[in-house]
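Shown below: work_6.txt, with compact mmCIF, C-alpha atoms.
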# COMPACT_ATOMS: atom_id res chain seq x y z
CA MET W 13 0.32 2.93 -4.15
CA CYS W 14 1.00 -0.66 -3.24
CA LEU W 15 0.05 -1.60 -6.78
CA ALA W 16 2.57 -4.07 -8.17
CA VAL W 17 2.48 -5.48 -11.67
CA PRO W 18 3.89 -8.81 -12.91
CA ALA W 19 6.54 -8.53 -15.61
CA LYS W 20 9.10 -10.79 -17.27
CA ILE W 21 12.82 -10.06 -17.12
CA VAL W 22 14.08 -10.06 -20.69
CA ALA W 23 17.66 -8.75 -20.34
CA LEU W 24 20.14 -7.65 -17.71
CA ARG W 25 21.46 -4.09 -17.99
CA ASP W 26 23.90 -3.64 -15.12
CA LYS W 27 24.45 -5.02 -11.61
CA ASP W 28 21.19 -3.57 -10.28
CA HIS W 29 19.00 -3.08 -13.35
CA ALA W 30 17.17 -5.26 -15.83
CA GLU W 31 14.90 -4.75 -18.80
CA ILE W 32 11.43 -6.10 -18.25
CA ASP W 33 8.36 -6.64 -20.39
CA TYR W 34 4.88 -6.20 -18.92
CA GLY W 35 3.46 -8.29 -21.75
CA ASP W 36 2.89 -5.38 -24.10
CA GLY W 37 6.21 -5.79 -25.88
CA VAL W 38 7.57 -2.48 -24.58
CA ARG W 39 10.81 -2.81 -22.62
CA ARG W 40 11.39 -0.81 -19.47
CA SER W 41 14.26 -0.66 -17.01
CA VAL W 42 13.66 -1.64 -13.36
CA ASN W 43 15.89 -2.02 -10.33
CA ILE W 44 16.30 -5.70 -9.43
CA SER W 45 18.63 -5.31 -6.44
CA LEU W 46 15.93 -6.40 -3.95
CA VAL W 47 15.46 -9.85 -5.54
CA ASP W 48 17.48 -12.82 -6.77
CA ALA W 49 16.17 -13.05 -10.30
CA GLY W 50 17.47 -13.61 -13.80
CA VAL W 51 16.39 -13.53 -17.43
CA GLY W 52 13.11 -15.40 -17.93
CA ASP W 53 11.88 -14.93 -14.35
CA PHE W 54 8.56 -13.24 -13.64
CA VAL W 55 8.80 -10.51 -11.01
CA LEU W 56 6.36 -8.13 -9.30
CA VAL W 57 7.29 -4.54 -10.08
CA HIS W 58 6.40 -1.67 -7.74
CA ALA W 59 7.59 1.95 -8.10
CA GLY W 60 10.46 0.97 -10.40
CA PHE W 61 11.74 -1.90 -8.26
CA ALA W 62 11.19 -5.65 -8.56
CA ILE W 63 9.98 -6.58 -5.07
CA GLN W 64 9.49 -10.34 -5.38
CA VAL W 65 9.91 -13.24 -7.81
CA LEU W 66 6.66 -14.96 -8.83
CA GLU W 67 6.65 -18.72 -8.46
CA GLU W 68 5.09 -20.49 -11.44
CA ARG W 69 4.61 -23.68 -9.45
CA GLU W 70 2.72 -21.78 -6.73
CA ALA W 71 0.59 -20.00 -9.34
CA LYS W 72 -0.49 -23.41 -10.66
CA GLU W 73 -1.18 -24.57 -7.10
CA THR W 74 -3.38 -21.52 -6.52
CA LEU W 75 -5.45 -22.32 -9.59
CA ARG W 76 -5.92 -25.81 -8.18
CA LEU W 77 -6.92 -24.28 -4.82
CA PHE W 78 -9.55 -22.14 -6.58
CA GLU W 79 -11.04 -25.28 -8.17
CA LEU W 80 -11.10 -27.18 -4.89
CA MET W 81 -12.58 -24.28 -2.97
CA SER W 82 -15.28 -23.71 -5.58
CA GLN W 83 -16.24 -27.39 -5.44
CA GLY W 84 -16.41 -27.48 -1.66
CA VAL W 85 -13.42 -29.79 -1.23
CA GLY W 86 -11.15 -27.25 0.47
CA MET P 30 0.47 -15.72 -16.91
CA PHE P 31 -2.57 -17.78 -15.89
CA GLU P 32 -6.35 -17.56 -15.80
CA PHE P 33 -7.39 -16.04 -12.49
CA ARG P 34 -10.85 -14.86 -13.54
CA ASP P 35 -12.85 -18.03 -14.22
CA LYS P 36 -16.55 -17.16 -13.79
CA ARG P 37 -17.57 -20.76 -13.06
CA VAL P 38 -15.08 -20.95 -10.19
CA ALA P 39 -16.32 -17.62 -8.80
CA GLU P 40 -19.90 -18.92 -8.88
CA GLY P 41 -18.81 -22.08 -7.02
CA ILE P 42 -17.14 -20.03 -4.27
CA LEU P 43 -20.13 -17.69 -3.96
CA SER P 44 -22.55 -20.60 -3.67
CA ARG P 45 -20.56 -21.82 -0.64
CA LEU P 46 -20.52 -18.33 0.87
CA ARG P 47 -24.32 -18.19 0.54
CA GLU P 48 -24.43 -20.79 3.34
CA ASN P 49 -23.41 -17.95 5.69
CA ASP P 50 -26.28 -17.15 8.06
CA LYS P 51 -24.88 -14.32 10.23
CA PRO P 52 -23.61 -10.85 9.33
CA LEU P 53 -19.82 -10.79 8.97
CA MET P 54 -17.52 -7.76 8.69
CA PHE P 55 -14.08 -8.22 7.15
CA MET P 56 -11.51 -5.49 6.78
CA HIS P 57 -8.66 -5.05 4.32
CA VAL P 58 -6.00 -2.35 4.31
CA CYS P 59 -5.07 -1.99 0.66
CA GLY P 60 -6.29 0.35 -2.07
CA THR P 61 -5.60 -2.29 -4.71
CA HIS P 62 -7.89 -4.77 -2.90
CA GLN P 63 -10.58 -2.08 -2.78
CA ASP P 64 -10.14 -1.47 -6.50
CA THR P 65 -10.73 -5.15 -7.30
CA LEU P 66 -13.67 -5.37 -4.86
CA VAL P 67 -15.50 -2.38 -6.34
CA ARG P 68 -14.44 -2.60 -9.99
CA TYR P 69 -15.60 -6.21 -10.34
CA GLY P 70 -18.74 -5.73 -8.25
CA LEU P 71 -17.54 -8.21 -5.62
CA GLN P 72 -18.67 -6.01 -2.73
CA ASN P 73 -22.31 -6.27 -3.76
CA LEU P 74 -22.04 -10.00 -4.49
CA LEU P 75 -20.60 -10.53 -1.00
CA LEU P 76 -23.25 -8.32 0.61
CA SER P 77 -25.79 -10.74 -0.84
CA CYS P 78 -23.98 -13.41 1.25
CA ASN P 79 -24.28 -11.22 4.37
CA ILE P 80 -20.56 -10.33 4.23
CA GLU P 81 -19.45 -6.72 4.31
CA ILE P 82 -15.89 -5.70 3.46
CA ARG P 83 -14.45 -2.34 4.40
CA GLN P 84 -11.18 -0.65 3.57
CA GLY P 85 -9.21 0.51 6.60
CA PRO P 86 -6.15 2.76 6.58
CA GLY P 87 -4.70 1.11 3.47
CA CYS P 88 -3.79 4.08 1.32
CA PRO P 89 -0.39 5.62 2.08
CA VAL P 90 -1.32 8.92 0.49
CA CYS P 91 -4.54 9.13 2.54
CA ILE P 92 -2.92 8.45 5.92
CA THR P 93 -0.01 10.87 5.40
CA THR P 94 -0.70 13.75 7.78
CA ALA P 95 -1.36 17.36 6.81
CA ARG P 96 1.73 18.24 8.88
CA GLU P 97 3.98 16.08 6.68
CA ILE P 98 2.55 17.66 3.54
CA GLU P 99 3.13 21.06 5.13
CA GLU P 100 6.79 20.13 5.68
CA ALA P 101 7.15 19.40 1.95
CA VAL P 102 5.28 22.60 1.01
CA THR P 103 7.53 24.61 3.35
CA LEU P 104 10.65 23.17 1.70
CA VAL P 105 9.34 24.18 -1.74
CA ARG P 106 8.54 27.66 -0.43
CA ASN P 107 12.15 27.88 0.69
CA GLY P 108 13.45 27.15 -2.80
CA LYS P 109 13.98 23.38 -2.60
CA THR P 110 12.94 20.94 -5.32
CA VAL P 111 10.49 18.32 -3.99
CA ALA P 112 9.87 15.05 -5.82
CA THR P 113 7.23 12.57 -4.73
CA TYR P 114 4.73 9.99 -6.01
CA GLY P 115 2.00 11.52 -8.21
CA ASP P 116 -1.12 11.37 -6.01
CA MET P 117 0.79 12.80 -3.07
CA THR P 118 1.17 16.15 -4.84
CA LEU P 119 -2.61 16.65 -4.94
CA VAL P 120 -3.44 16.36 -1.22
CA PRO P 121 -3.75 19.68 0.61
CA GLY P 122 -1.63 20.29 3.71
CA MET P 123 -2.62 23.06 6.13
CA ARG P 124 -3.46 25.43 3.28
CA GLU P 125 -1.79 24.40 0.04
CA SER P 126 -0.98 21.19 -1.80
CA LEU P 127 2.32 20.54 -3.60
CA GLN P 128 0.36 20.83 -6.85
CA SER P 129 -1.01 24.28 -5.99
CA ILE P 130 2.38 25.58 -4.94
CA LYS P 131 3.82 24.20 -8.20
CA ALA P 132 1.16 26.18 -10.10
CA SER P 133 2.46 29.33 -8.43
CA GLY P 134 6.05 28.63 -9.46
CA GLY P 135 7.26 26.05 -6.90
CA ASP P 136 9.66 23.32 -8.02
CA VAL P 137 7.63 20.11 -7.60
CA TYR P 138 8.09 16.88 -9.57
CA PRO P 139 5.75 13.89 -9.53
CA VAL P 140 7.93 10.78 -9.94
CA TYR P 141 7.30 7.07 -10.50
CA SER P 142 10.32 5.86 -8.56
CA VAL P 143 12.90 7.07 -6.03
CA GLU P 144 15.49 6.51 -8.78
CA ASP P 145 13.74 9.21 -10.86
CA ALA P 146 14.23 11.61 -7.93
CA ILE P 147 17.93 10.71 -7.78
CA ASP P 148 18.28 11.29 -11.53
CA LEU P 149 16.65 14.68 -10.98
CA ALA P 150 19.22 15.52 -8.29
CA ARG P 151 22.04 14.55 -10.71
CA LYS P 152 20.59 16.86 -13.36
CA LYS P 153 19.90 19.78 -11.00
CA LYS P 154 23.35 19.94 -9.40
CA ASP P 155 22.81 23.48 -8.08
CA LYS P 156 19.50 22.64 -6.33
CA GLU P 157 18.63 20.72 -3.17
CA VAL P 158 16.34 17.85 -4.26
CA VAL P 159 14.14 16.37 -1.52
CA PHE P 160 12.31 13.09 -2.08
CA MET P 161 9.12 12.91 -0.01
CA ALA P 162 9.09 9.18 0.70
CA VAL P 163 5.59 7.85 1.40
CA GLY P 164 4.31 4.29 1.36
CA PHE P 165 4.21 1.10 3.41
CA GLU P 166 6.60 -1.85 3.44
CA THR P 167 6.02 -2.35 -0.31
CA THR P 168 7.72 0.97 -1.03
CA ALA P 169 10.11 1.54 1.88
CA PRO P 170 12.75 -0.98 0.63
CA SER P 171 13.22 1.04 -2.57
CA THR P 172 13.97 4.17 -0.52
CA ALA P 173 16.40 2.13 1.59
CA ALA P 174 18.12 0.73 -1.51
CA ALA P 175 18.45 4.23 -2.96
CA LEU P 176 20.03 5.58 0.24
CA MET P 177 22.50 2.68 0.28
CA SER P 178 23.56 3.39 -3.31
CA LYS P 179 25.46 6.62 -2.47
CA PRO P 180 23.05 9.23 -3.84
CA PRO P 181 24.40 12.67 -4.84
CA GLU P 182 25.07 15.18 -2.04
CA ASN P 183 22.18 17.46 -3.03
CA PHE P 184 19.67 14.61 -2.52
CA SER P 185 17.78 14.06 0.74
CA VAL P 186 14.70 12.22 1.97
CA LEU P 187 11.66 13.51 3.86
CA CYS P 188 10.80 10.15 5.34
CA CYS P 189 7.05 9.49 5.78
CA HIS P 190 7.09 5.67 5.46
CA ARG P 191 4.86 3.63 7.73
CA VAL P 192 4.42 -0.04 8.55
CA ILE P 193 1.13 -1.92 8.52
CA PRO P 194 1.01 -4.42 11.44
CA PRO P 195 0.87 -1.74 14.22
CA ALA P 196 -2.06 -0.08 12.41
CA LEU P 197 -3.97 -3.38 12.41
CA GLU P 198 -3.53 -3.57 16.18
CA ALA P 199 -4.55 0.08 16.56
CA LEU P 200 -7.79 -0.62 14.68
CA LEU P 201 -8.59 -3.55 16.94
CA ASP P 202 -7.67 -1.61 20.09
CA LEU P 203 -9.90 1.33 19.10
CA GLY P 204 -12.77 -1.15 18.89
CA GLU P 205 -15.05 1.24 17.01
CA ILE P 206 -16.38 -1.43 14.67
CA ARG P 207 -16.63 -5.18 14.92
CA ILE P 208 -13.99 -6.87 12.76
CA ASP P 209 -14.46 -10.61 12.14
CA GLY P 210 -11.32 -11.06 10.06
CA PHE P 211 -8.57 -9.32 8.14
CA ILE P 212 -7.77 -9.71 4.45
CA GLU P 213 -4.05 -8.93 4.67
CA PRO P 214 -2.32 -6.88 1.96
CA GLY P 215 -0.58 -9.09 -0.59
CA HIS P 216 2.15 -6.72 -1.70
CA VAL P 217 3.11 -5.49 1.77
CA SER P 218 3.29 -9.20 2.63
CA THR P 219 5.71 -9.99 -0.24
CA ILE P 220 8.16 -7.96 1.88
CA ILE P 221 7.21 -8.78 5.49
CA GLY P 222 6.09 -12.39 4.96
CA VAL P 223 3.58 -14.25 7.11
CA LYS P 224 5.11 -14.07 10.58
CA PRO P 225 4.20 -10.48 11.67
CA TYR P 226 0.49 -11.34 11.45
CA ARG P 227 0.77 -14.36 13.76
CA GLY P 228 1.26 -12.21 16.89
CA ILE P 229 -1.93 -10.30 16.04
CA GLY P 230 -3.84 -13.56 15.55
CA ASP P 231 -2.68 -14.91 18.91
CA LYS P 232 -3.43 -11.68 20.77
CA TYR P 233 -6.89 -11.01 19.35
CA HIS P 234 -7.99 -14.52 18.20
CA LEU P 235 -8.76 -13.19 14.75
CA PRO P 236 -8.82 -15.03 11.40
CA GLN P 237 -6.46 -13.53 8.80
CA VAL P 238 -5.81 -14.43 5.16
CA ILE P 239 -3.10 -12.85 2.99
CA ALA P 240 -4.65 -12.31 -0.43
CA GLY P 241 -3.66 -11.51 -4.00
CA PHE P 242 -5.45 -9.01 -6.19
CA GLU P 243 -7.38 -10.94 -8.85
CA PRO P 244 -11.13 -11.27 -8.23
CA LEU P 245 -10.72 -15.01 -7.52
CA ASP P 246 -7.88 -14.32 -5.06
CA ILE P 247 -10.18 -12.14 -3.00
CA LEU P 248 -13.21 -14.43 -3.22
CA THR P 249 -11.05 -17.38 -2.17
CA ALA P 250 -9.59 -15.39 0.73
CA VAL P 251 -13.10 -14.46 1.89
CA LEU P 252 -14.13 -18.12 1.75
CA MET P 253 -11.02 -19.07 3.75
CA LEU P 254 -11.95 -16.49 6.41
CA PHE P 255 -15.54 -17.75 6.44
CA LEU P 256 -14.41 -21.37 6.88
CA GLN P 257 -12.10 -20.37 9.76
CA ILE P 258 -15.01 -18.69 11.54
CA LYS P 259 -17.33 -21.63 10.84
CA GLU P 260 -14.78 -24.06 12.25
CA GLY P 261 -13.81 -21.82 15.20
CA ARG P 262 -10.23 -21.35 13.96
CA ALA P 263 -8.20 -18.12 14.07
CA VAL P 264 -4.98 -18.57 12.11
CA VAL P 265 -2.96 -16.79 9.44
CA GLU P 266 -3.43 -18.37 6.01
CA ASN P 267 -1.64 -17.39 2.84
CA GLU P 268 -3.72 -17.42 -0.34
CA TYR P 269 -1.10 -15.43 -2.32
CA THR P 270 1.64 -18.08 -2.23
CA ARG P 271 2.79 -17.28 -5.77
CA ALA P 272 4.24 -14.00 -4.41
CA VAL P 273 4.30 -14.21 -0.59
CA LYS P 274 6.87 -16.43 1.06
CA GLU P 275 6.78 -17.37 4.74
CA GLU P 276 9.87 -15.28 5.52
CA GLY P 277 9.05 -12.42 3.11
CA ASN P 278 11.81 -10.72 1.13
CA LEU P 279 14.89 -11.08 3.35
CA LYS P 280 17.06 -8.79 1.21
CA ALA P 281 14.48 -6.00 1.43
CA LEU P 282 13.90 -6.53 5.15
CA SER P 283 17.60 -6.38 5.93
CA LEU P 284 18.00 -3.16 3.91
CA MET P 285 15.07 -1.60 5.75
CA LYS P 286 16.57 -2.56 9.09
CA GLU P 287 19.88 -1.05 8.11
CA VAL P 288 18.41 2.29 7.01
CA PHE P 289 15.31 2.87 9.18
CA ARG P 290 14.27 2.60 12.78
CA GLU P 291 10.68 2.49 14.02
CA GLU P 292 9.09 5.40 15.80
CA ASP P 293 5.66 6.30 17.25
CA VAL P 294 3.88 8.46 14.65
CA GLU P 295 0.46 9.86 13.85
CA TRP P 296 -1.60 8.60 10.94
CA ARG P 297 -4.32 10.80 9.48
CA GLY P 298 -7.53 9.84 11.27
CA PHE P 299 -5.69 7.99 14.05
CA PRO P 300 -4.04 8.88 17.32
CA VAL P 301 -0.29 8.19 17.55
CA ILE P 302 0.34 4.53 16.67
CA PRO P 303 3.31 3.01 18.53
CA LYS P 304 6.27 1.95 16.38
CA SER P 305 4.36 2.49 13.13
CA GLY P 306 6.59 5.05 11.43
CA LEU P 307 10.00 4.67 9.82
CA VAL P 308 12.66 7.33 10.36
CA LEU P 309 16.23 7.39 9.05
CA ARG P 310 18.90 6.00 11.36
CA ASP P 311 21.64 8.36 12.59
CA GLU P 312 24.09 6.94 10.03
CA PHE P 313 21.95 8.56 7.32
CA VAL P 314 21.62 11.94 9.02
CA GLU P 315 23.19 13.69 6.04
CA CYS P 316 20.39 12.44 3.79
CA ASP P 317 17.65 13.27 6.30
CA ALA P 318 15.76 16.37 5.07
CA ARG P 319 14.31 16.91 8.57
CA LYS P 320 17.85 17.27 9.94
CA ARG P 321 19.38 19.06 6.97
CA PHE P 322 16.66 21.72 6.90
CA GLU P 323 15.85 21.69 10.60
CA ASP P 324 15.72 25.48 10.89
CA GLU P 325 13.36 25.91 7.95
CA LEU P 326 11.04 23.20 9.23
CA ALA P 327 11.01 24.47 12.81
CA ASP P 328 7.97 26.67 12.17
CA VAL P 329 5.72 23.95 10.71
CA GLN P 330 2.70 23.78 12.97
CA GLU P 331 1.76 20.70 14.93
CA VAL P 332 -1.97 21.33 14.60
CA GLU P 333 -3.80 18.89 12.35
CA SER P 334 -6.42 20.60 10.22
CA LYS P 335 -9.49 18.96 8.75
CA PRO P 336 -11.64 20.45 5.97
CA SER P 337 -15.11 21.30 7.19
CA GLY P 338 -17.57 18.40 6.92
CA CYS P 339 -14.88 15.96 5.69
CA ARG P 340 -15.17 12.50 7.28
CA CYS P 341 -12.04 10.93 5.76
CA ASP P 342 -10.79 10.16 9.26
CA GLU P 343 -13.79 7.89 9.91
CA VAL P 344 -13.52 6.34 6.43
CA LEU P 345 -9.85 5.51 7.17
CA ARG P 346 -10.82 3.77 10.41
CA GLY P 347 -13.56 1.85 8.59
CA VAL P 348 -16.20 3.36 10.88
CA ILE P 349 -18.26 4.65 7.93
CA THR P 350 -18.34 3.81 4.22
CA SER P 351 -17.53 6.50 1.65
CA LYS P 352 -21.21 6.82 0.74
CA GLU P 353 -22.10 7.63 4.34
CA CYS P 354 -20.10 10.87 4.17
CA PRO P 355 -22.53 13.73 3.37
CA LEU P 356 -19.96 15.37 1.04
CA PHE P 357 -19.46 12.21 -1.09
CA GLY P 358 -20.31 12.76 -4.75
CA LYS P 359 -21.73 16.22 -3.97
CA ALA P 360 -19.23 18.73 -2.58
CA CYS P 361 -16.44 16.11 -2.87
CA THR P 362 -15.61 14.52 -6.25
CA PRO P 363 -12.34 13.48 -7.95
CA ASP P 364 -12.35 16.79 -9.86
CA HIS P 365 -12.92 18.78 -6.65
CA PRO P 366 -11.72 16.57 -3.80
CA VAL P 367 -12.21 17.80 -0.24
CA GLY P 368 -10.33 15.03 1.56
CA PRO P 369 -7.44 12.69 0.70
CA CYS P 370 -9.64 9.59 0.25
CA MET P 371 -11.14 11.27 -2.85
CA VAL P 372 -7.74 12.50 -4.09
CA SER P 373 -5.79 9.27 -4.20
CA LYS P 374 -6.57 6.59 -6.77
CA GLU P 375 -6.25 4.14 -3.87
CA GLY P 376 -8.61 6.07 -1.62
CA SER P 377 -11.89 4.33 -0.98
CA CYS P 378 -13.93 7.45 -1.89
CA TYR P 379 -12.18 7.81 -5.27
CA ILE P 380 -12.67 4.12 -6.06
CA GLU P 381 -16.32 4.19 -4.98
CA PHE P 382 -16.98 7.31 -7.10
CA ARG P 383 -15.23 5.92 -10.20
CA TYR P 384 -16.46 2.34 -10.19
CA GLY P 385 -19.15 2.02 -7.55
CA GLY P 386 -22.06 3.19 -9.69
CA ALA P 387 -22.86 5.92 -7.17
The structure in this file should be written as structure tokens.
Amino acid sequence: MCLAVPAKIVALRDKDHAEIDYGDGVRRSVNISLVDAGVGDFVLVHAGFAIQVLEEREAKETLRLFELMSQGVG
Amino acid sequence: MFEFRDKRVAEGILSRLRENDKPLMFMHVCGTHQDTLVRYGLQNLLLSCNIEIRQGPGCPVCITTAREIEEAVTLVRNGKTVATYGDMTLVPGMRESLQSIKASGGDVYPVYSVEDAIDLARKKKDKEVVFMAVGFETTAPSTAAALMSKPPENFSVLCCHRVIPPALEALLDLGEIRIDGFIEPGHVSTIIGVKPYRGIGDKYHLPQVIAGFEPLDILTAVLMLFLQIKEGRAVVENEYTRAVKEEGNLKALSLMKEVFREEDVEWRGFPVIPKSGLVLRDEFVECDARKRFEDELADVQEVESKPSGCRCDEVLRGVITSKECPLFGKACTPDHPVGPCMVSKEGSCYIEFRYGGA
């Protein structure tokens, strides 16, 4: 139940809702009142609500961490 | 968005974990972590490194008590409409599940979101619509947001939300199994942040790593735990930095604080865990189904029932694995579940049956 799926905000609908795309091209409406996010941001969606904004810079850092850890540097 | 499943990287991490020379037991409390561990065969790969990982009470549907389900069933029996998350409808209460009472004419709706339940209340103006709100900190903010958005008068909430950190302490206090480290739940942590785990680390001197849900997230988190143990450290590390911030989600936390207060509640398989349940504050009494239908709910029994032979309680405390339950895969399957851990898609028995090659 704590499953959350990354999705991209593609349009704003009203004060609390935005249209998002999970990457399959289909647009769905989610509540974005729990986050500060705008069009183009990636968010984690859980039970119809965006619960956090994903940080692209941190995602890249994590990939670097994986490399370092796998090579025994970390 | 990026490549989180590089086989070469996984092999590099595993080769470092093979240096481990003593049996280690790590626990996580999240059905989605269990799904990744079993579906990608990580559990067996880690066992070959002498590292066992068990799922604790990390499935909101599984730890919801039979009494709470009985409250929802009683409301349906009394003509109310009950909406809740899909898996929750399948778990039996004292006698019936929401699904079985729906089959005999009860008004039960599985929903994806609390907003769907509110839409239902707007459509069914002449009915009382009760949302049975289950879930941890990942889900509770959405219930809080819905209650703050002036829902219709015929909408109320049967609040069954719980919070994770007190359950981690309860597991350690019970002391039934040795736990060498916690893999902390990534999505709960997007809301609560890093800080709540620090107190646990200080009190029990236990390594903890907050982890994401890709196979490499989990392998990296396990390596981070292993390195802490090897170096004699016991700190909270955050592997899931792309989603978990130090302070968590402040907007969500402040909404939760405004709407809920903490209370001592039971979890299925556990004794009462102090300050682990969320109940609605007095300001929201009008939306509180337990207050609104107090008379109807007065007869719901306190006695917790357990199906004969079912060992879900021990599975939820991580004392046994799903396969150690004599009913697993025989009398208890996803088509004919005996206990909640086989009902919910986040239950460790369901996941083991579906993907574990049993």
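Residue neighbourhood of Gly50 (chain W), excluding near-sequence residues (fewer than 4 positions): Lys20, Ile21, Val22, Ala23, Leu24, Ala30, Ile44, Phe54, Val55 and Val65 of chain W, at 10 Å, using all atoms listed in the file.
Within the 8 Å cut-off around Leu326 (chain P), using all atoms listed in the file and omitting residues fewer than 3 positions from it on the same chain, the listed residues are Glu100, Thr103, Leu104, Arg319, Phe322, Glu323 and Val329 of chain P.
Here CA of Asp246 (chain P) is placed at a distance of 7.0 Å from CA of Glu268 (chain P).
Residue-level contacts from chain P to chain W at 7 Å, counting only C-alpha atoms, read Val38, Ala39, Gly41, Ile42, Thr61, Cys88, Pro89, Tyr141, Ser142, Gly164, Thr167, Ser171, His216, Thr219, Thr249, Thr270, Arg271, Ala272, Asn278, Lys280, Ala281 and Glu375 of chain P.
Between CA of Lys109 (chain P) and CA of Cys91 (chain P) lies a distance of 23.9 Å.
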In Å and to one decimal, CA of Asn267 (chain P) is distant from CA of Arg227 (chain P) by 11.6 Å
Applying 7 Å and all atoms listed in the file, which residues near Met161 (chain P) remain after dropping the ones on its own chain fewer than 5 positions away? List them as a PyMOL selection string. chain P and resi 111-113+186-188
Around the point (-9.2, -6.9, 16.5) (coordinates from the file), which residues reach within 9 Å if we count only C-alpha atoms? Answer as an mmCIF file with C-alpha atoms, in the frame of the given file.
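Generated output (result_39.cif):
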data_model
loop_
_atom_site.group_PDB
_atom_site.id
_atom_site.type_symbol
_atom_site.label_atom_id
_atom_site.label_comp_id
_atom_site.auth_asym_id
_atom_site.auth_seq_id
_atom_site.Cartn_x
_atom_site.Cartn_y
_atom_site.Cartn_z
ATOM 1 C CA LEU P 197 -3.970 -3.380 12.410
ATOM 2 C CA GLU P 198 -3.530 -3.570 16.180
ATOM 3 C CA ALA P 199 -4.550 0.080 16.560
ATOM 4 C CA LEU P 200 -7.790 -0.620 14.680
ATOM 5 C CA LEU P 201 -8.590 -3.550 16.940
ATOM 6 C CA ASP P 202 -7.670 -1.610 20.090
ATOM 7 C CA LEU P 203 -9.900 1.330 19.100
ATOM 8 C CA GLY P 204 -12.770 -1.150 18.890
ATOM 9 C CA ARG P 207 -16.630 -5.180 14.920
ATOM 10 C CA ILE P 208 -13.990 -6.870 12.760
ATOM 11 C CA ASP P 209 -14.460 -10.610 12.140
ATOM 12 C CA GLY P 210 -11.320 -11.060 10.060
ATOM 13 C CA PHE P 211 -8.570 -9.320 8.140
ATOM 14 C CA ILE P 229 -1.930 -10.300 16.040
ATOM 15 C CA GLY P 230 -3.840 -13.560 15.550
ATOM 16 C CA LYS P 232 -3.430 -11.680 20.770
ATOM 17 C CA TYR P 233 -6.890 -11.010 19.350
ATOM 18 C CA HIS P 234 -7.990 -14.520 18.200
ATOM 19 C CA LEU P 235 -8.760 -13.190 14.750
#
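Taking all atoms listed in the file into account, Phe160 (chain P) lies nearest to P:Asp317 out of the set P:Ile212, P:Tyr69, P:Asp317, P:Pro194.
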Name the residues in contact with Phe313 (chain P) at a cut-off of 9 Å, using all atoms listed in the file, excluding same-chain residues fewer than 5 positions from it; report them as a ChimeraX atom specification. /P:176,288-289
